[in-house]
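Enquirer: You'll find coords_15.txt just under this line, and it carries compact mmCIF, C-alpha atoms.
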# COMPACT_ATOMS: atom_id res chain seq x y z
CA MET Y 1 -87.22 25.14 -91.29
CA ASN Y 2 -84.24 26.08 -93.43
CA ALA Y 3 -81.04 24.05 -93.64
CA ALA Y 4 -78.98 26.42 -91.48
CA ALA Y 5 -81.50 26.31 -88.63
CA PHE Y 6 -81.74 22.52 -88.80
CA MET Y 7 -77.93 22.20 -88.71
CA GLU Y 8 -77.83 24.45 -85.66
CA GLN Y 9 -80.47 22.36 -83.88
CA ALA Y 10 -78.67 19.16 -84.85
CA ALA Y 11 -75.37 20.47 -83.48
CA GLN Y 12 -77.12 21.54 -80.26
CA ALA Y 13 -78.77 18.11 -79.89
CA LEU Y 14 -75.48 16.34 -80.60
CA THR Y 15 -73.68 18.40 -77.96
CA ALA Y 16 -76.41 17.78 -75.40
CA GLY Y 17 -76.38 14.07 -76.27
CA ILE Y 18 -72.64 13.81 -75.60
CA MET Y 19 -72.94 15.56 -72.25
CA VAL Y 20 -75.95 13.51 -71.14
CA GLY Y 21 -74.37 10.35 -72.54
CA CYS Y 22 -71.23 10.78 -70.42
CA VAL Y 23 -73.29 10.84 -67.22
CA TYR Y 24 -75.43 7.93 -68.43
CA GLY Y 25 -72.21 6.10 -69.21
CA LEU Y 26 -70.96 6.60 -65.65
CA LEU Y 27 -74.25 5.27 -64.29
CA CYS Y 28 -73.95 2.23 -66.56
CA VAL Y 29 -70.36 1.63 -65.43
CA GLY Y 30 -71.52 1.57 -61.81
CA LEU Y 31 -74.18 -0.99 -62.66
CA ALA Y 32 -71.70 -3.01 -64.73
CA PHE Y 33 -69.50 -3.43 -61.66
CA ILE Y 34 -72.41 -5.14 -59.91
CA PHE Y 35 -74.12 -6.84 -62.83
CA GLY Y 36 -70.96 -7.87 -64.68
CA ILE Y 37 -68.87 -9.05 -61.73
CA MET Y 38 -71.49 -10.39 -59.33
CA ARG Y 39 -74.23 -11.38 -61.82
CA VAL Y 40 -76.73 -9.62 -59.56
CA ILE Y 41 -79.77 -7.97 -61.15
CA ASN Y 42 -79.80 -4.91 -58.89
CA PHE Y 43 -83.10 -3.04 -59.03
CA ALA Y 44 -81.90 -0.69 -56.29
CA GLN Y 45 -79.15 0.95 -58.38
CA GLY Y 46 -81.37 3.85 -59.42
CA ASP Y 47 -82.30 4.45 -55.81
CA PHE Y 48 -78.64 4.50 -54.77
CA MET Y 49 -78.34 7.31 -57.31
CA MET Y 50 -81.32 9.00 -55.64
CA VAL Y 51 -79.62 8.73 -52.24
CA GLY Y 52 -76.49 10.30 -53.74
CA MET Y 53 -78.59 13.16 -55.14
CA TYR Y 54 -80.18 13.87 -51.77
CA LEU Y 55 -76.83 13.62 -49.97
CA ALA Y 56 -75.19 16.01 -52.43
CA PHE Y 57 -78.10 18.43 -52.05
CA PHE Y 58 -77.86 18.29 -48.23
CA LEU Y 59 -74.07 18.70 -48.21
CA ALA Y 60 -74.13 21.56 -50.71
CA THR Y 61 -76.90 23.53 -48.99
CA ASN Y 62 -76.41 22.75 -45.28
CA VAL Y 63 -72.76 21.78 -44.78
CA LEU Y 64 -70.57 23.33 -47.45
CA GLY Y 65 -72.68 26.36 -48.30
CA THR Y 66 -72.28 28.39 -51.47
CA THR Y 67 -69.88 31.04 -50.21
CA LEU Y 68 -66.87 28.97 -49.15
CA LEU Y 69 -66.32 26.96 -52.33
CA GLY Y 70 -68.36 29.07 -54.71
CA GLU Y 71 -69.25 27.45 -58.00
CA ALA Y 72 -67.36 24.25 -57.12
CA THR Y 73 -69.74 23.47 -54.23
CA PRO Y 74 -72.03 20.95 -56.02
CA PHE Y 75 -69.08 19.00 -57.42
CA VAL Y 76 -67.30 18.85 -54.06
CA ALA Y 77 -70.57 17.68 -52.53
CA ALA Y 78 -70.84 14.99 -55.21
CA ALA Y 79 -67.31 13.79 -54.39
CA LEU Y 80 -68.15 13.62 -50.69
CA THR Y 81 -71.02 11.22 -51.41
CA VAL Y 82 -68.54 8.59 -52.65
CA PRO Y 83 -67.20 7.35 -49.26
CA ILE Y 84 -70.69 7.46 -47.74
CA LEU Y 85 -72.25 5.38 -50.52
CA PHE Y 86 -69.23 3.04 -50.55
CA VAL Y 87 -69.78 2.25 -46.86
CA LEU Y 88 -73.54 1.88 -47.46
CA GLY Y 89 -72.93 -0.55 -50.33
CA ALA Y 90 -70.42 -2.60 -48.34
CA ALA Y 91 -72.81 -2.79 -45.35
CA LEU Y 92 -75.77 -3.83 -47.51
CA HIS Y 93 -73.69 -6.53 -49.15
CA ARG Y 94 -72.42 -7.91 -45.85
CA LEU Y 95 -75.84 -7.91 -44.21
CA LEU Y 96 -78.13 -8.83 -47.13
CA ILE Y 97 -76.74 -9.26 -50.63
CA ALA Y 98 -74.05 -11.77 -49.65
CA ARG Y 99 -76.79 -14.25 -48.65
CA THR Y 100 -77.84 -14.70 -52.28
CA THR Y 101 -74.59 -14.28 -54.25
CA GLY Y 102 -71.25 -15.96 -54.82
CA LEU Y 103 -70.69 -19.50 -53.62
CA ARG Y 104 -73.72 -19.27 -51.31
CA ALA Y 105 -75.97 -19.02 -54.38
CA VAL Y 106 -74.81 -22.32 -55.89
CA GLY Y 107 -77.39 -24.36 -54.03
CA LEU Y 108 -80.23 -21.95 -54.63
CA SER Y 109 -82.71 -22.25 -57.47
CA ALA Y 110 -81.67 -20.36 -60.63
CA GLU Y 111 -78.34 -19.63 -58.87
CA GLY Y 112 -80.10 -17.23 -56.49
CA HIS Y 113 -81.36 -14.83 -59.17
CA GLN Y 114 -84.94 -15.01 -57.95
CA ALA Y 115 -83.88 -14.18 -54.40
CA GLN Y 116 -81.64 -11.38 -55.72
CA LEU Y 117 -84.50 -9.84 -57.67
CA ILE Y 118 -86.81 -9.85 -54.66
CA LEU Y 119 -84.09 -8.62 -52.29
CA THR Y 120 -82.88 -5.70 -54.42
CA LEU Y 121 -86.47 -4.73 -55.25
CA GLY Y 122 -87.18 -4.69 -51.52
CA ILE Y 123 -84.14 -2.47 -50.90
CA ALA Y 124 -85.37 -0.13 -53.65
CA LEU Y 125 -88.83 0.10 -52.11
CA VAL Y 126 -87.38 0.79 -48.65
CA LEU Y 127 -85.17 3.58 -50.01
CA GLN Y 128 -87.98 5.12 -52.05
CA ASN Y 129 -90.57 5.09 -49.30
CA GLY Y 130 -88.04 6.07 -46.64
CA ALA Y 131 -87.13 9.14 -48.70
CA LEU Y 132 -90.84 9.83 -49.23
CA ILE Y 133 -91.56 9.72 -45.48
CA LEU Y 134 -88.50 11.67 -44.38
CA LEU Y 135 -88.12 14.19 -47.19
CA GLY Y 136 -91.51 14.51 -48.86
CA THR Y 137 -92.33 14.82 -52.52
CA SER Y 138 -91.02 18.32 -53.21
CA PRO Y 139 -88.25 18.30 -55.84
CA HIS Y 140 -84.88 19.80 -54.92
CA THR Y 141 -81.82 20.80 -56.90
CA VAL Y 142 -78.50 22.51 -56.22
CA LEU Y 143 -78.78 25.86 -57.96
CA THR Y 144 -75.50 27.58 -58.76
CA PRO Y 145 -74.49 30.13 -61.38
CA LEU Y 146 -73.14 27.24 -63.45
CA SER Y 147 -76.61 25.71 -63.71
CA SER Y 148 -77.95 28.76 -65.53
CA SER Y 149 -74.81 29.70 -67.47
CA ALA Y 150 -73.62 28.46 -70.83
CA TRP Y 151 -70.63 28.76 -73.09
CA GLU Y 152 -71.42 29.99 -76.58
CA VAL Y 153 -69.52 28.18 -79.32
CA PRO Y 154 -70.04 29.78 -82.74
CA LEU Y 155 -70.59 27.53 -85.73
CA LEU Y 156 -68.36 28.16 -88.73
CA TYR Y 157 -70.86 28.05 -91.56
CA ASP Y 158 -72.33 31.50 -90.79
CA ASP Y 159 -71.98 34.45 -88.42
CA PHE Y 160 -75.20 33.92 -86.47
CA SER Y 161 -75.45 30.22 -85.55
CA ALA Y 162 -73.95 28.93 -82.30
CA VAL Y 163 -74.11 26.01 -79.87
CA PHE Y 164 -74.76 26.73 -76.20
CA ILE Y 165 -73.09 24.39 -73.69
CA ASN Y 166 -74.52 24.41 -70.18
CA GLN Y 167 -71.60 24.78 -67.81
CA ALA Y 168 -72.91 22.50 -65.05
CA ARG Y 169 -73.68 19.71 -67.54
CA ALA Y 170 -70.32 20.12 -69.26
CA ILE Y 171 -68.35 19.82 -66.01
CA ALA Y 172 -70.46 16.85 -64.92
CA ALA Y 173 -69.80 15.17 -68.28
CA LEU Y 174 -66.04 15.78 -68.02
CA LEU Y 175 -65.87 14.42 -64.46
CA SER Y 176 -67.94 11.40 -65.52
CA LEU Y 177 -65.51 10.69 -68.34
CA VAL Y 178 -62.51 10.93 -66.01
CA VAL Y 179 -64.06 8.66 -63.37
CA ALA Y 180 -65.18 6.09 -65.95
CA PHE Y 181 -61.65 5.95 -67.41
CA ALA Y 182 -60.17 5.56 -63.91
CA LEU Y 183 -62.53 2.66 -63.19
CA PHE Y 184 -61.59 1.02 -66.49
CA ARG Y 185 -57.90 1.26 -65.56
CA LEU Y 186 -58.70 -0.10 -62.09
CA VAL Y 187 -60.29 -3.22 -63.56
CA SER Y 188 -57.81 -3.78 -66.37
CA SER Y 189 -54.45 -2.89 -64.80
CA THR Y 190 -54.50 -3.42 -61.03
CA ARG Y 191 -54.29 -6.42 -58.75
CA LEU Y 192 -57.71 -5.59 -57.36
CA GLY Y 193 -59.15 -5.52 -60.86
CA LYS Y 194 -57.68 -8.93 -61.67
CA SER Y 195 -59.19 -10.40 -58.51
CA LEU Y 196 -62.57 -8.88 -59.41
CA ARG Y 197 -62.43 -10.38 -62.90
CA ALA Y 198 -61.37 -13.75 -61.54
CA ALA Y 199 -64.25 -13.74 -59.06
CA ALA Y 200 -66.61 -12.88 -61.91
CA ASP Y 201 -65.34 -15.55 -64.32
CA ASN Y 202 -65.23 -18.52 -61.96
CA PRO Y 203 -65.86 -17.96 -58.24
CA GLU Y 204 -64.98 -21.53 -57.28
CA ALA Y 205 -61.68 -21.54 -59.16
CA ALA Y 206 -60.86 -18.09 -57.77
CA THR Y 207 -61.35 -19.45 -54.27
CA TYR Y 208 -58.84 -22.24 -54.96
CA MET Y 209 -56.38 -19.57 -56.13
CA GLY Y 210 -56.60 -17.82 -52.79
CA ILE Y 211 -59.01 -15.02 -53.77
CA ASP Y 212 -61.64 -14.08 -51.23
CA VAL Y 213 -64.66 -14.11 -53.53
CA ASP Y 214 -67.02 -12.71 -50.92
CA ARG Y 215 -64.67 -9.78 -50.33
CA ALA Y 216 -64.28 -9.22 -54.08
CA HIS Y 217 -68.04 -9.16 -54.53
CA ARG Y 218 -68.43 -6.79 -51.59
CA THR Y 219 -65.85 -4.46 -53.11
CA ALA Y 220 -67.60 -4.57 -56.50
CA PHE Y 221 -70.98 -3.85 -54.94
CA ALA Y 222 -69.56 -1.01 -52.85
CA ILE Y 223 -67.82 0.54 -55.87
CA GLY Y 224 -70.97 0.24 -57.97
CA THR Y 225 -73.03 1.87 -55.23
CA ALA Y 226 -70.47 4.67 -54.78
CA VAL Y 227 -70.39 5.36 -58.52
CA ALA Y 228 -74.19 5.62 -58.58
CA GLY Y 229 -74.01 8.10 -55.70
CA LEU Y 230 -71.33 10.15 -57.45
CA ALA Y 231 -73.35 10.27 -60.66
CA GLY Y 232 -76.41 11.32 -58.66
CA GLY Y 233 -74.41 14.10 -57.03
CA LEU Y 234 -73.36 15.37 -60.46
CA ILE Y 235 -76.89 15.15 -61.86
CA VAL Y 236 -78.52 17.10 -59.02
CA ALA Y 237 -76.65 20.21 -60.17
CA TYR Y 238 -79.07 20.44 -63.10
CA TYR Y 239 -81.80 17.82 -62.54
CA PRO Y 240 -84.25 17.90 -59.58
CA VAL Y 241 -84.33 15.03 -57.11
CA GLN Y 242 -87.45 13.44 -55.64
CA PRO Y 243 -87.94 10.01 -54.02
CA PHE Y 244 -88.84 8.18 -57.25
CA VAL Y 245 -86.26 9.74 -59.56
CA GLY Y 246 -84.34 6.45 -59.70
CA VAL Y 247 -87.18 4.80 -61.61
CA ASP Y 248 -86.50 7.20 -64.50
CA PHE Y 249 -82.90 6.00 -64.75
CA ILE Y 250 -82.75 2.30 -63.84
CA ILE Y 251 -84.08 1.03 -67.19
CA ILE Y 252 -81.66 3.33 -69.02
CA MET Y 253 -78.81 1.84 -66.95
CA TYR Y 254 -79.72 -1.74 -67.82
CA ALA Y 255 -80.24 -0.85 -71.46
CA GLY Y 256 -76.78 0.69 -71.56
CA VAL Y 257 -75.11 -2.30 -69.90
CA VAL Y 258 -76.77 -4.79 -72.24
CA LEU Y 259 -76.19 -2.59 -75.26
CA GLY Y 260 -72.49 -2.22 -74.48
CA GLY Y 261 -71.97 -5.96 -74.01
CA MET Y 262 -72.34 -8.09 -70.92
CA GLY Y 263 -69.31 -7.97 -68.64
CA SER Y 264 -67.56 -5.03 -70.35
CA ILE Y 265 -66.86 -1.94 -68.25
CA SER Y 266 -65.85 0.16 -71.25
CA GLY Y 267 -68.78 -1.23 -73.23
CA ALA Y 268 -71.19 -0.12 -70.49
CA PHE Y 269 -69.90 3.44 -70.79
CA TRP Y 270 -70.31 3.52 -74.56
CA GLY Y 271 -73.74 1.93 -74.23
CA GLY Y 272 -74.77 4.82 -71.99
CA MET Y 273 -73.26 7.26 -74.46
CA VAL Y 274 -75.31 5.77 -77.32
CA ILE Y 275 -78.48 6.07 -75.26
CA GLY Y 276 -77.76 9.72 -74.47
CA LEU Y 277 -77.14 10.52 -78.13
CA VAL Y 278 -80.28 8.73 -79.31
CA GLN Y 279 -82.36 10.42 -76.62
CA GLN Y 280 -81.27 13.91 -77.59
CA LEU Y 281 -81.06 13.48 -81.37
CA SER Y 282 -84.54 11.94 -81.46
CA THR Y 283 -85.98 15.32 -80.47
CA LEU Y 284 -85.12 16.58 -83.95
CA VAL Y 285 -87.79 14.39 -85.53
CA MET Y 286 -90.00 13.23 -82.64
CA PRO Y 287 -91.96 14.86 -79.79
CA LEU Y 288 -90.12 15.19 -76.49
CA GLN Y 289 -92.51 12.69 -74.86
CA LEU Y 290 -91.27 9.91 -77.17
CA GLN Y 291 -87.60 10.08 -76.16
CA ASN Y 292 -87.75 6.77 -74.29
CA ALA Y 293 -89.54 5.14 -77.21
CA ALA Y 294 -86.67 6.23 -79.47
CA ILE Y 295 -84.16 4.78 -77.02
CA PHE Y 296 -85.73 1.34 -77.05
CA ALA Y 297 -86.32 1.38 -80.79
CA ALA Y 298 -82.58 1.97 -81.28
CA PHE Y 299 -81.86 -0.65 -78.60
CA VAL Y 300 -83.91 -3.28 -80.41
CA LEU Y 301 -82.41 -2.42 -83.82
CA ILE Y 302 -78.83 -2.65 -82.55
CA LEU Y 303 -79.44 -5.98 -80.82
CA LEU Y 304 -81.13 -7.36 -83.94
CA PHE Y 305 -77.92 -6.90 -85.89
CA ARG Y 306 -75.50 -7.47 -83.00
CA PRO Y 307 -77.18 -9.59 -80.30
CA GLN Y 308 -74.03 -9.71 -78.15
CA GLY Y 309 -74.02 -5.91 -77.79
CA LEU Y 310 -71.56 -3.35 -79.11
CA PHE Y 311 -68.52 -4.94 -77.47
CA GLY Y 312 -69.73 -8.55 -77.42
CA ARG Y 313 -69.80 -11.21 -74.75
CA ASN Y 314 -66.46 -12.70 -75.66
CA VAL Y 315 -64.39 -9.61 -74.88
CA GLU Y 316 -62.26 -9.27 -71.79
CA ARG Y 317 -64.36 -8.18 -68.85
CA ALA Y 318 -62.53 -4.87 -68.61
Please lay out the structure from this file as structure tokens.

Expert:
Amino acid sequence: MNAAAFMEQAAQALTAGIMVGCVYGLLCVGLAFIFGIMRVINFAQGDFMMVGMYLAFFLATNVLGTTLLGEATPFVAAALTVPILFVLGAALHRLLIARTTGLRAVGLSAEGHQAQLILTLGIALVLQNGALILLGTSPHTVLTPLSSSAWEVPLLYDDFSAVFINQARAIAALLSLVVAFALFRLVSSTRLGKSLRAAADNPEAATYMGIDVDRAHRTAFAIGTAVAGLAGGLIVAYYPVQPFVGVDFIIIMYAGVVLGGMGSISGAFWGGMVIGLVQQLSTLVMPLQLQNAAIFAAFVLILLFRPQGLFGRNVERA
């Protein structure tokens, strides 16, 4: 392979890594709301994403249709999953998750983490097998002209090389970036965000200051669930959904959250971005089947030199 061809492939992989990394970053931000604020190890987060993918597919194909909104249909469908998943997250927290978190977890062994692991794993299994029974194993995706169209960006070093940017992925990446920034501003600059950070830092002290910790945790869990659903709705425009698709993403989410730094919303986004870049750039020198191996090799190397993650544990939780 000559130098020009390698540079073209590298530019293509870098572009794909940025687009994939933005969506991964949004997924990691949704998990960071739950993991960073509530200290809940949520194994069901990938399956909330799966529910969002199926909802977006159903809304786009059976409710909205492709003629009324045209090419914007999958993204409108993704937006409509947000209130549905928010209500689902709030209901699950009130009925189940609240029993093992917050001040109720103080008297439990290991501060309730064992119960949280079992509970969220059970929710994940119910969602997976429920989708399997109701919807079957056939993969589905929302096919639009954007999914099979790309912008051609010529490279400057010659007249023949170019980078192709898939339109559906590019719009999903841009929306992910906007939503992640909005969530960062929510946590860092609003009264709600301050109450969420207070509930995360010291639930007992927050209670003495008049903050409803249970409500703050419910809001964080609902937001995290809604963000996972939104990301799933964006992904289904170019990635097929099936009942166990969440398993492919949950480890990536946790790797991104830990890599970015525990408790940091912005760090979670950049952790997801790093994973997306490593995943795509690794294809230049490794077989496609070893993408995940490259991710965890980079993960281990970064944590060897910076155990606290990219943004560290001592940063502000925003």

Enquirer: With all atoms listed in the file as the atoms that count, which of Y:Ala56, Y:Leu174, Y:Leu281, Y:Ile18 lies nearest to Y:Val236?

Expert: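 Nearest to Y:Val236: Y:Ala56.
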
Enquirer: Could you work out how far atom CA of Y:Ile97 lies from atom CA of Y:Ala222, giving the answer in Å with one decimal?

Expert: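 Atom CA of Y:Ala222 sits 11.2 Å away from atom CA of Y:Ile97.
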
Enquirer: Quick one: everything within 6 Å of Y:Gly233, counting all atoms listed in the file, minus sequence neighbours fewer than 5 positions away in the same chain. Send it as a tab-separated table (two decimals) with C-alpha atoms, in the frame of the given file.

Expert:
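Output (selection.tsv):
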chain	number	residue	atom	x	y	z
Y	52	GLY	CA	-76.49	10.30	-53.74
Y	53	MET	CA	-78.59	13.16	-55.14
Y	56	ALA	CA	-75.19	16.01	-52.43
Y	78	ALA	CA	-70.84	14.99	-55.21

Enquirer: Nearest to Y:Gly267: which of Y:Val51, Y:Val142, Y:Ala180, Y:Ile118 is it, counting all atoms listed in the file?

Expert: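 Looking at the shortest contact to Y:Gly267, the residue is Y:Ala180.
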
Enquirer: Quick one: distance from atom CA of Y:Leu259 to atom CA of Y:Gly25 in Å, one decimal?

Expert: 11.3 Å

Enquirer: Write out as JSON lines a residue-level contact list of stretch 230-307 of chain Y versus stretch 183-206 of chain Y with cut-off 12 Å: for each qualifying residue the closest pair of atoms and the distance in Å to one decimal, counting only C-alpha atoms, rows sorted by chain and residue number upward.

Expert:
{"residue": "Y:Met262", "atom": "CA", "partner": "Y:Ala200", "partner_atom": "CA", "distance": 11.7}
{"residue": "Y:Gly263", "atom": "CA", "partner": "Y:Ala200", "partner_atom": "CA", "distance": 8.8}
{"residue": "Y:Ser264", "atom": "CA", "partner": "Y:Phe184", "partner_atom": "CA", "distance": 9.3}
{"residue": "Y:Ile265", "atom": "CA", "partner": "Y:Phe184", "partner_atom": "CA", "distance": 6.3}
{"residue": "Y:Ser266", "atom": "CA", "partner": "Y:Phe184", "partner_atom": "CA", "distance": 6.4}
{"residue": "Y:Gly267", "atom": "CA", "partner": "Y:Phe184", "partner_atom": "CA", "distance": 10.1}
{"residue": "Y:Ala268", "atom": "CA", "partner": "Y:Phe184", "partner_atom": "CA", "distance": 10.5}
{"residue": "Y:Phe269", "atom": "CA", "partner": "Y:Phe184", "partner_atom": "CA", "distance": 9.7}

Enquirer: Take atom CA of Y:Val241 and atom CA of Y:Ala293 and report the distance between them in Å, one decimal.

Expert: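 Going from atom CA of Y:Val241 over to atom CA of Y:Ala293 covers 23.0 Å.
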
Enquirer: My list of candidates is Y:Gly272, Y:Pro243, Y:Pro145, Y:Pro307. Which is closest to Y:Gly46 when distances are computed with only C-alpha atoms?

Expert: Y:Pro243

Enquirer: Tell me which protein, DNA and RNA residues are within 8 Å of Y:Ala220, counting only C-alpha atoms, leaving out same-chain ones fewer than 3 positions away, and put them as a list in words.

Expert: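 Selected residues are Phe33, Ile34, Ile37, Met38, Leu196, Ala216, His217, Ile223 and Gly224 of chain Y.
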
Enquirer: Contacts of Y:Gly17 at 8 Å or less, counting all atoms listed in the file, minus same-chain residues fewer than 5 places along, as a list in words?

Expert: Met273, Gly276, Leu277, Val278, Gln279, Gln280 and Leu281 of chain Y

Enquirer: Closest to Y:Ala60 among Y:Thr73, Y:His140, Y:Gln12, Y:Pro287, using only C-alpha atoms?

Expert: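 Of the candidates, the smallest distance to Y:Ala60 is held by Y:Thr73.
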
Enquirer: So, with only C-alpha atoms as the atoms that count, which of Y:Ser282, Y:Ser148, Y:Thr219, Y:Gln289 lies closest to Y:Leu92?

Expert: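 Among the listed residues, the smallest separation from Y:Leu92 belongs to Y:Thr219.
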
Enquirer: So that I can see what lies close to Y:Ala10, please list as a short mmCIF file (atom, residue, chain, number, x, y, z; two decimals) with C-alpha atoms, keeping the file's coordinate frame the residues with an atom at most 12 Å from it, counting all atoms listed in the file and leaving out residues fewer than 4 positions away in the same chain.

Expert:
data_model
loop_
_atom_site.label_atom_id
_atom_site.label_comp_id
_atom_site.auth_asym_id
_atom_site.auth_seq_id
_atom_site.Cartn_x
_atom_site.Cartn_y
_atom_site.Cartn_z
CA ALA Y 3 -81.04 24.05 -93.64
CA ALA Y 4 -78.98 26.42 -91.48
CA ALA Y 5 -81.50 26.31 -88.63
CA PHE Y 6 -81.74 22.52 -88.80
CA LEU Y 14 -75.48 16.34 -80.60
CA THR Y 15 -73.68 18.40 -77.96
CA ALA Y 16 -76.41 17.78 -75.40
CA GLY Y 17 -76.38 14.07 -76.27
CA LEU Y 155 -70.59 27.53 -85.73
CA SER Y 161 -75.45 30.22 -85.55
CA ALA Y 162 -73.95 28.93 -82.30
CA VAL Y 163 -74.11 26.01 -79.87
CA LEU Y 277 -77.14 10.52 -78.13
CA VAL Y 278 -80.28 8.73 -79.31
CA GLN Y 280 -81.27 13.91 -77.59
CA LEU Y 281 -81.06 13.48 -81.37
CA SER Y 282 -84.54 11.94 -81.46
CA THR Y 283 -85.98 15.32 -80.47
CA LEU Y 284 -85.12 16.58 -83.95
CA VAL Y 285 -87.79 14.39 -85.53
#

Enquirer: With all atoms of stretch 233-245 of chain Y from the file as input, state the centre and edge lengths in Å to one decimal of the axis-aligned box that has 8 Å extra on each side, as JSON.

Expert:
{"center_x": -81.1, "center_y": 14.3, "center_z": -58.6, "size_x": 31.5, "size_y": 28.3, "size_z": 25.1}

Enquirer: Identify which of the residues Y:Gln9, Y:Thr81, Y:Gln45, Y:Ser149 lies closest to Y:Ile251, counting all atoms listed in the file when measuring atom-to-atom distances.

Expert: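 When distances to Y:Ile251 are compared using all atoms listed in the file, the smallest one comes from Y:Gln45.
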